[in-house]
>>> print(open('protein35.cif').read())   # mmCIF, C-alpha atoms and all ligand atoms
data_query
#
loop_
_atom_site.label_atom_id
_atom_site.label_comp_id
_atom_site.auth_asym_id
_atom_site.auth_seq_id
_atom_site.Cartn_x
_atom_site.Cartn_y
_atom_site.Cartn_z
CA MET S 729 -11.38 14.76 9.96
CA LYS S 730 -11.13 11.06 9.12
CA VAL S 731 -8.25 9.67 7.05
CA THR S 732 -8.09 5.93 6.42
CA LEU S 733 -6.08 3.76 4.07
CA HIS S 734 -8.21 2.75 1.11
CA HIS S 735 -6.27 1.01 -1.64
CA TYR S 736 -2.92 0.16 -3.10
CA ASN S 737 -2.63 0.61 -6.86
CA PHE S 738 -0.10 -1.46 -8.80
CA SER S 739 0.37 0.03 -12.28
CA THR S 740 1.70 -2.63 -14.60
CA ASN S 741 2.12 -3.83 -18.17
CA HIS S 742 1.06 -7.31 -17.01
CA VAL S 743 -2.47 -6.91 -15.66
CA GLU S 744 -3.48 -10.49 -16.39
CA GLU S 745 -0.43 -12.10 -14.78
CA MET S 746 -0.51 -9.73 -11.78
CA SER S 747 -4.23 -10.24 -11.08
CA SER S 748 -3.89 -13.98 -11.45
CA PHE S 749 -1.07 -13.93 -8.87
CA TYR S 750 -2.98 -11.79 -6.36
CA LYS S 751 -6.20 -13.78 -6.84
CA ASN S 752 -5.10 -17.37 -7.36
CA VAL S 753 -1.83 -17.53 -5.45
CA LEU S 754 -2.42 -15.03 -2.63
CA GLY S 755 -6.20 -15.51 -2.45
CA LEU S 756 -7.73 -12.02 -2.84
CA GLU S 757 -11.26 -11.86 -4.20
CA GLU S 758 -12.15 -9.73 -7.26
CA SER S 759 -15.04 -7.22 -7.18
CA MET S 760 -16.97 -6.61 -10.39
CA GLU S 761 -19.14 -3.91 -8.82
CA ILE S 762 -16.51 -1.16 -8.87
CA SER S 763 -15.73 -1.85 -12.55
CA GLY S 764 -19.36 -0.96 -13.31
CA GLU S 765 -18.85 2.53 -11.85
CA ARG S 766 -15.83 3.47 -13.96
CA ILE S 767 -15.58 6.71 -15.92
CA THR S 768 -13.50 5.97 -19.04
CA ASP S 769 -13.73 9.20 -21.05
CA GLN S 770 -11.44 11.38 -18.90
CA GLY S 771 -8.02 10.30 -20.12
CA TYR S 772 -7.84 6.74 -18.77
CA ALA S 773 -9.63 3.60 -19.89
CA GLY S 774 -6.94 0.99 -19.24
CA ASP S 775 -7.85 -2.53 -18.11
CA THR S 776 -8.15 -2.34 -14.29
CA ARG S 777 -8.98 -5.04 -11.75
CA PHE S 778 -10.40 -4.34 -8.30
CA LEU S 779 -9.56 -6.82 -5.54
CA LEU S 780 -10.98 -6.75 -2.01
CA ALA S 781 -8.32 -6.79 0.70
CA GLY S 782 -10.17 -6.87 4.04
CA GLY S 783 -12.52 -4.29 5.59
CA ASP S 784 -12.59 -1.23 3.33
CA TYR S 785 -9.11 -1.86 1.91
CA GLN S 786 -8.55 -2.79 -1.76
CA VAL S 787 -5.83 -3.68 -4.25
CA HIS S 788 -6.16 -2.17 -7.73
CA ILE S 789 -4.20 -3.63 -10.63
CA ALA S 790 -4.18 -1.13 -13.48
CA THR S 791 -2.64 -0.93 -16.93
CA ARG S 792 0.38 1.37 -16.74
CA ASP S 793 -0.10 4.60 -18.67
CA LEU S 794 3.16 6.50 -19.19
CA PHE S 795 1.32 9.40 -20.81
CA ASN S 796 -1.55 9.96 -18.38
CA GLY S 797 -0.14 13.31 -17.26
CA HIS S 798 -0.03 14.45 -20.87
CA LYS S 799 -3.62 13.33 -21.48
CA THR S 800 -5.12 14.87 -18.35
CA GLY S 801 -2.94 17.97 -18.14
CA HIS S 802 -2.05 17.10 -14.52
CA TYR S 803 1.52 17.05 -13.27
CA VAL S 804 1.11 13.92 -11.12
CA ASN S 805 0.66 10.71 -13.11
CA PRO S 806 -0.92 8.12 -10.78
CA LEU S 807 -0.55 5.31 -13.35
CA LEU S 808 3.21 5.32 -13.74
CA THR S 809 4.59 3.86 -10.50
CA GLY S 810 1.17 3.15 -8.97
CA HIS S 811 0.03 4.80 -5.74
CA LEU S 812 -1.15 4.40 -2.17
CA ALA S 813 -4.63 5.80 -1.58
CA PHE S 814 -6.31 7.32 1.45
CA ARG S 815 -9.98 8.10 1.91
CA THR S 816 -11.10 11.15 3.87
CA ASP S 817 -14.46 12.64 4.82
CA ASP S 818 -13.17 16.19 4.33
CA ILE S 819 -11.03 16.71 1.23
CA GLU S 820 -11.25 20.51 1.55
CA GLU S 821 -9.67 20.40 5.02
CA LEU S 822 -6.94 18.11 3.68
CA LYS S 823 -6.26 20.42 0.74
CA ALA S 824 -6.02 23.35 3.17
CA ARG S 825 -3.42 21.44 5.18
CA LEU S 826 -1.41 20.62 2.06
CA ASP S 827 -1.55 24.29 1.02
CA LYS S 828 -0.41 25.37 4.47
CA HIS S 829 2.66 23.11 4.21
CA ASN S 830 3.35 24.04 0.56
CA VAL S 831 2.67 20.54 -0.73
CA PRO S 832 1.39 20.82 -4.32
CA TYR S 833 -1.23 18.39 -5.64
CA SER S 834 -3.10 17.62 -8.84
CA ASP S 835 -6.79 18.20 -8.26
CA PHE S 836 -8.57 15.74 -10.56
CA GLY S 837 -12.06 16.29 -9.11
CA GLU S 838 -14.49 13.41 -9.73
CA TRP S 839 -12.34 11.15 -11.88
CA SER S 840 -12.09 7.53 -13.05
CA ILE S 841 -14.85 6.21 -10.74
CA LYS S 842 -18.29 7.77 -10.27
CA GLY S 843 -18.50 9.66 -6.98
CA TRP S 844 -14.75 9.47 -6.21
CA TYR S 845 -13.30 12.97 -5.78
CA GLN S 846 -9.54 12.53 -6.10
CA ILE S 847 -6.34 14.48 -5.68
CA PHE S 848 -2.86 13.08 -6.36
CA LEU S 849 0.43 14.18 -4.88
CA TYR S 850 3.93 13.11 -3.90
CA ASP S 851 5.16 12.46 -0.38
CA PRO S 852 8.60 13.87 0.56
CA ASP S 853 10.32 10.80 -0.97
CA GLY S 854 8.40 11.02 -4.25
CA ASN S 855 5.96 8.17 -3.57
CA CYS S 856 2.69 8.83 -5.39
CA LEU S 857 -0.39 9.18 -3.18
CA GLU S 858 -4.09 9.54 -3.82
CA ILE S 859 -6.47 11.17 -1.40
CA GLN S 860 -10.13 10.73 -2.17
CA GLN S 861 -13.45 11.75 -0.72
CA VAL S 862 -16.35 9.39 -1.36
CA ASN S 863 -19.70 9.61 0.29
CA ALA S 864 -20.31 5.92 0.98
CA GLU S 865 -20.42 3.68 4.00
CA PRO S 866 -17.15 1.79 4.49
CA GLU S 867 -17.20 -1.82 3.29
CA ASP S 868 -16.60 -4.58 5.79
CA HIS S 869 -15.23 -7.29 3.57
CA LYS S 870 -14.05 -10.43 5.37
CA SER S 871 -10.98 -12.03 3.86
CA ASP S 872 -8.33 -14.61 4.76
CA ILE S 873 -5.74 -12.17 3.45
CA GLN S 874 -5.87 -8.49 4.38
CA LEU S 875 -3.73 -5.54 3.40
CA HIS S 876 -1.98 -4.47 6.57
CA HIS S 877 0.80 -1.95 5.99
CA ARG S 878 2.86 -0.10 3.45
CA ASN S 879 6.51 0.11 4.47
CA PHE S 880 8.42 3.08 3.13
CA SER S 881 12.16 2.50 3.52
CA THR S 882 13.89 5.84 3.50
CA ASN S 883 16.89 7.92 4.46
CA ASN S 884 14.42 10.60 5.47
CA VAL S 885 12.54 9.13 8.47
CA GLU S 886 11.85 12.39 10.29
CA GLU S 887 10.42 14.32 7.35
CA MET S 888 8.41 11.31 6.14
CA THR S 889 6.94 10.78 9.62
CA PHE S 890 6.00 14.45 9.88
CA PHE S 891 4.24 14.24 6.53
CA TYR S 892 2.15 11.13 7.29
CA ARG S 893 1.41 12.10 10.90
CA ASP S 894 1.10 15.88 10.97
CA ILE S 895 -0.05 16.66 7.46
CA LEU S 896 -2.08 13.57 6.45
CA GLY S 897 -3.31 12.92 9.99
CA LEU S 898 -2.41 9.29 10.79
CA THR S 899 -1.73 8.50 14.46
CA GLU S 900 1.75 7.51 15.58
CA SER S 901 1.97 4.44 17.83
CA LYS S 902 4.96 4.58 20.13
CA GLU S 903 3.86 1.33 21.82
CA MET S 904 4.59 -0.72 18.71
CA ASN S 905 8.27 0.01 19.22
CA ASN S 906 8.11 -1.97 22.47
CA GLY S 907 7.32 -5.12 20.50
CA ARG S 908 10.28 -4.76 18.18
CA ILE S 909 12.89 -7.47 17.92
CA LEU S 910 16.26 -5.87 17.23
CA ASN S 911 18.36 -8.29 15.24
CA GLU S 912 20.07 -7.82 11.86
CA TYR S 913 17.85 -4.78 11.56
CA ASP S 914 17.80 -2.13 14.25
CA GLY S 915 17.07 0.95 12.15
CA GLU S 916 14.75 3.66 13.43
CA THR S 917 11.17 2.74 12.55
CA ARG S 918 7.99 4.77 13.04
CA PHE S 919 4.53 3.20 13.08
CA LEU S 920 1.55 5.23 11.84
CA ILE S 921 -1.94 3.83 12.16
CA ASP S 922 -5.42 4.69 10.91
CA GLU S 923 -8.62 4.08 12.87
CA ASN S 924 -9.08 0.64 11.25
CA GLY S 925 -5.66 -0.51 12.40
CA ASN S 926 -4.14 -0.28 8.90
CA GLN S 927 -0.63 1.10 8.94
CA VAL S 928 2.20 2.99 7.28
CA HIS S 929 5.69 2.07 8.49
CA ILE S 930 8.51 4.53 7.95
CA ALA S 931 11.79 2.64 8.32
CA THR S 932 15.43 3.57 7.92
CA ARG S 933 16.62 2.14 4.59
CA ASP S 934 19.10 -0.70 4.96
CA LEU S 935 20.85 -1.43 1.66
CA HIS S 936 22.65 -4.42 3.13
CA ASN S 937 19.86 -6.21 4.97
CA GLY S 938 19.91 -9.18 2.58
CA PHE S 939 23.62 -9.59 3.15
CA LYS S 940 23.17 -9.52 6.93
CA THR S 941 20.24 -11.96 7.09
CA LYS S 942 21.42 -14.19 4.19
CA HIS S 943 17.90 -13.90 2.77
CA TYR S 944 17.49 -13.10 -0.91
CA VAL S 945 14.68 -10.57 -0.45
CA ASN S 946 15.64 -7.30 1.25
CA PRO S 947 12.43 -5.72 2.59
CA LEU S 948 14.22 -2.51 3.58
CA LEU S 949 15.51 -1.38 0.21
CA THR S 950 12.46 -0.26 -1.80
CA GLY S 951 10.08 -0.87 1.10
CA HIS S 952 7.22 -3.36 0.82
CA VAL S 953 3.49 -3.92 0.84
CA ALA S 954 2.36 -6.19 3.67
CA PHE S 955 -0.61 -8.52 3.95
CA ARG S 956 -1.77 -10.32 7.08
CA VAL S 957 -2.94 -13.87 6.42
CA ASN S 958 -5.00 -16.25 8.55
CA ASP S 959 -3.14 -19.37 7.45
CA ILE S 960 0.49 -18.82 6.46
CA GLU S 961 1.12 -22.53 5.88
CA ALA S 962 -1.65 -22.70 3.28
CA VAL S 963 -0.22 -19.63 1.51
CA LYS S 964 3.32 -21.03 1.59
CA LYS S 965 2.02 -24.24 0.05
CA ARG S 966 0.39 -22.30 -2.81
CA LEU S 967 3.62 -20.33 -3.35
CA VAL S 968 5.62 -23.55 -3.60
CA GLU S 969 3.06 -25.10 -6.00
CA ASN S 970 3.36 -22.01 -8.20
CA ASN S 971 7.18 -21.90 -8.07
CA VAL S 972 7.24 -18.57 -6.23
CA ALA S 973 10.39 -18.40 -4.09
CA PHE S 974 10.20 -16.63 -0.73
CA SER S 975 12.47 -15.68 2.16
CA ASP S 976 11.13 -17.31 5.31
CA MET S 977 12.23 -15.01 8.13
CA GLY S 978 10.18 -16.65 10.89
CA GLU S 979 9.25 -14.43 13.84
CA TRP S 980 11.54 -11.63 12.85
CA SER S 981 11.11 -7.91 13.42
CA ILE S 982 8.10 -7.67 15.76
CA GLU S 983 7.17 -10.04 18.56
CA GLY S 984 4.48 -12.48 17.43
CA TRP S 985 4.76 -11.53 13.72
CA TYR S 986 5.77 -14.53 11.60
CA GLN S 987 7.00 -13.02 8.32
CA ILE S 988 7.91 -14.17 4.85
CA PHE S 989 9.05 -11.85 2.05
CA LEU S 990 8.77 -12.37 -1.70
CA TYR S 991 8.42 -10.66 -5.07
CA ASP S 992 5.18 -10.40 -7.02
CA PRO S 993 5.42 -10.95 -10.82
CA ASP S 994 6.39 -7.27 -11.33
CA GLY S 995 9.15 -7.39 -8.70
CA ASN S 996 7.27 -5.48 -5.98
CA VAL S 997 8.43 -6.65 -2.55
CA LEU S 998 5.64 -8.20 -0.47
CA GLU S 999 5.50 -9.23 3.16
CA LEU S 1000 3.06 -11.93 4.26
CA GLN S 1001 2.63 -12.17 7.98
CA HIS S 1002 0.79 -14.42 10.34
CA ILE S 1003 0.11 -13.36 13.92
CA ARG S 1004 0.87 -15.73 16.77
CA GLU S 1005 -1.23 -15.34 19.91
CA LEU S 1006 1.05 -13.71 22.48
FE FE S 1101 6.69 -4.73 7.20
#
>>> encode(input="protein35.cif", output="structure tokens", more="lines below")
Ligand SMILES: [Fe+2]
Amino acid sequence: MKVTLHHYNFSTNHVEEMSSFYKNVLGLEESMEISGERITDQGYAGDTRFLLAGGDYQVHIATRDLFNGHKTGHYVNPLLTGHLAFRTDDIEELKARLDKHNVPYSDFGEWSIKGWYQIFLYDPDGNCLEIQQVNAEPEDHKSDIQLHHRNFSTNNVEEMTFFYRDILGLTESKEMNNGRILNEYDGETRFLIDENGNQVHIATRDLHNGFKTKHYVNPLLTGHVAFRVNDIEAVKKRLVENNVAFSDMGEWSIEGWYQIFLYDPDGNVLELQHIREL
């Protein structure tokens, strides 16, 4: 069974401002094609933008809907805090695994986009996830900025790792630990990878990381969404031009990874990283 990362959904009351930031400041490209496939008569018709984030990965910026659970009759509301989405080629096998481990889910069936069979659930920390089955060839979108990982910062590393590795089916990379730079942050971190190289990082929460590094953004409090960029200097220049402050950590937690951290207009913590040839 295949399970790959597919999109990150930001649910927001500021769709215009958020999409302008992700498009014009960070440089993601918008797709109009997916909008044309939307189903809007099943309890959600909010303004939604679809941005391409490298390969088959996407960013969705959707109007927050506090009452979506009430409208659909499902207990998980994917449009409250947003969600991280995975695509699989065998949703029935995944459902069987969730059942086996007593993980409940809301089975939406084909919902919101034609041909997208979707279930929604919570991971052990209460992060909202989507798992979808879609019978389509993966996209291979080239982009100067690509979604790379979702970092979950948690006091629950073991249980979270079990969930993403043994229930969802991502592969754990032990080798990535060899590249770690232990500095102000030496918390246990687990690296889970899909077959496209996209990742989920499960890291020990560090409430005081900002205090230790003297940087104003603490990437290990609420976790973060990370993008890999081809030209970090160009992105930094656009951030400065747009008055977006960032914490420039330099080559910080992993050998060869030059990292800056910042907030998007909704206060989500983002990492932008540039890879140095080792
Ligand atoms: Fe990260």
>>> residues_around(input="protein35.cif", residues="Val963 of chain S", least_positions_apart="6", cutoff="9 Å", atoms="all atoms listed in the file", output="list in words")
Val753, Leu754, Gly755, Val957 and Leu1000 of chain S
>>> closest_residue(input="protein35.cif", among="S:Val731, S:Ile819, S:Leu949, S:Ala954", to="ligand FE 1101 (chain S)", atoms="only C-alpha atoms and all ligand atoms")
S:Ala954
>>> residues_around(input="protein35.cif", residues="segment 808-811 of chain S", least_positions_apart="3", cutoff="7 Å", atoms="all atoms listed in the file", output="MDAnalysis selection string")
chainID S and resid 736:739 792:794 805 856:858
>>> write_last_selection(input="protein35.cif", atoms="C-alpha atoms", output="short mmCIF file (atom, residue, chain, number, x, y, z; two decimals), in the frame of the given file")
data_model
loop_
_atom_site.label_atom_id
_atom_site.label_comp_id
_atom_site.auth_asym_id
_atom_site.auth_seq_id
_atom_site.Cartn_x
_atom_site.Cartn_y
_atom_site.Cartn_z
CA TYR S 736 -2.92 0.16 -3.10
CA ASN S 737 -2.63 0.61 -6.86
CA PHE S 738 -0.10 -1.46 -8.80
CA SER S 739 0.37 0.03 -12.28
CA ARG S 792 0.38 1.37 -16.74
CA ASP S 793 -0.10 4.60 -18.67
CA LEU S 794 3.16 6.50 -19.19
CA ASN S 805 0.66 10.71 -13.11
CA CYS S 856 2.69 8.83 -5.39
CA LEU S 857 -0.39 9.18 -3.18
CA GLU S 858 -4.09 9.54 -3.82
#
>>> closest_atom_pairs(input="protein35.cif", of="chain S", to="ligand FE 1101 (chain S)", cutoff="10 Å", atoms="all atoms listed in the file", output="Markdown table")
| residue | atom | partner | partner_atom | distance |
| --- | --- | --- | --- | --- |
| S:His876 | CA | S:FE1101 | FE | 8.7 |
| S:His877 | CA | S:FE1101 | FE | 6.6 |
| S:Arg878 | CA | S:FE1101 | FE | 7.1 |
| S:Asn879 | CA | S:FE1101 | FE | 5.6 |
| S:Phe880 | CA | S:FE1101 | FE | 9.0 |
| S:Ser881 | CA | S:FE1101 | FE | 9.8 |
| S:Gln927 | CA | S:FE1101 | FE | 9.5 |
| S:Val928 | CA | S:FE1101 | FE | 8.9 |
| S:His929 | CA | S:FE1101 | FE | 7.0 |
| S:Ile930 | CA | S:FE1101 | FE | 9.5 |
| S:Ala931 | CA | S:FE1101 | FE | 9.0 |
| S:Pro947 | CA | S:FE1101 | FE | 7.4 |
| S:Leu948 | CA | S:FE1101 | FE | 8.6 |
| S:Gly951 | CA | S:FE1101 | FE | 8.0 |
| S:His952 | CA | S:FE1101 | FE | 6.5 |
| S:Val953 | CA | S:FE1101 | FE | 7.2 |
| S:Ala954 | CA | S:FE1101 | FE | 5.8 |
| S:Phe955 | CA | S:FE1101 | FE | 8.8 |
| S:Ser981 | CA | S:FE1101 | FE | 8.3 |
| S:Ile982 | CA | S:FE1101 | FE | 9.2 |
| S:Trp985 | CA | S:FE1101 | FE | 9.6 |
| S:Gln987 | CA | S:FE1101 | FE | 8.4 |
| S:Ile988 | CA | S:FE1101 | FE | 9.8 |
| S:Phe989 | CA | S:FE1101 | FE | 9.1 |
| S:Leu998 | CA | S:FE1101 | FE | 8.5 |
| S:Glu999 | CA | S:FE1101 | FE | 6.2 |
| S:Leu1000 | CA | S:FE1101 | FE | 8.6 |
| S:Gln1001 | CA | S:FE1101 | FE | 8.5 |
>>> closest_residue(input="protein35.cif", among="S:Gly925, S:Trp980, S:Val972, S:Asp769", to="Phe749 of chain S", atoms="all atoms listed in the file")
S:Val972
>>> atom_distance(input="protein35.cif", atom1="atom CA of Arg956 of chain S", atom2="atom CA of Glu923 of chain S")
17.0 Å
>>> closest_atom_pairs(input="protein35.cif", of="segment 732-824 of chain S", to="segment 829-833 of chain S", cutoff="12 Å", atoms="all atoms listed in the file", output="Markdown table")
| residue | atom | partner | partner_atom | distance |
| --- | --- | --- | --- | --- |
| S:His802 | CA | S:Tyr833 | CA | 9.0 |
| S:Tyr803 | CA | S:Tyr833 | CA | 8.2 |
| S:Val804 | CA | S:Tyr833 | CA | 7.4 |
| S:Asn805 | CA | S:Tyr833 | CA | 10.9 |
| S:Pro806 | CA | S:Tyr833 | CA | 11.5 |
| S:Leu822 | CA | S:His829 | CA | 10.8 |
| S:Lys823 | CA | S:Tyr833 | CA | 8.4 |
| S:Ala824 | CA | S:His829 | CA | 8.7 |
>>> closest_residue(input="protein35.cif", among="S:Ile873, S:Phe939, S:Asn926, S:Asp994", to="His742 of chain S", atoms="only C-alpha atoms")
S:Asp994
>>> residues_around(input="protein35.cif", residues="Asn971 of chain S", least_positions_apart="4", cutoff="12 Å", atoms="only C-alpha atoms", output="ChimeraX atom specification")
/S:749,753,964-967,990-993
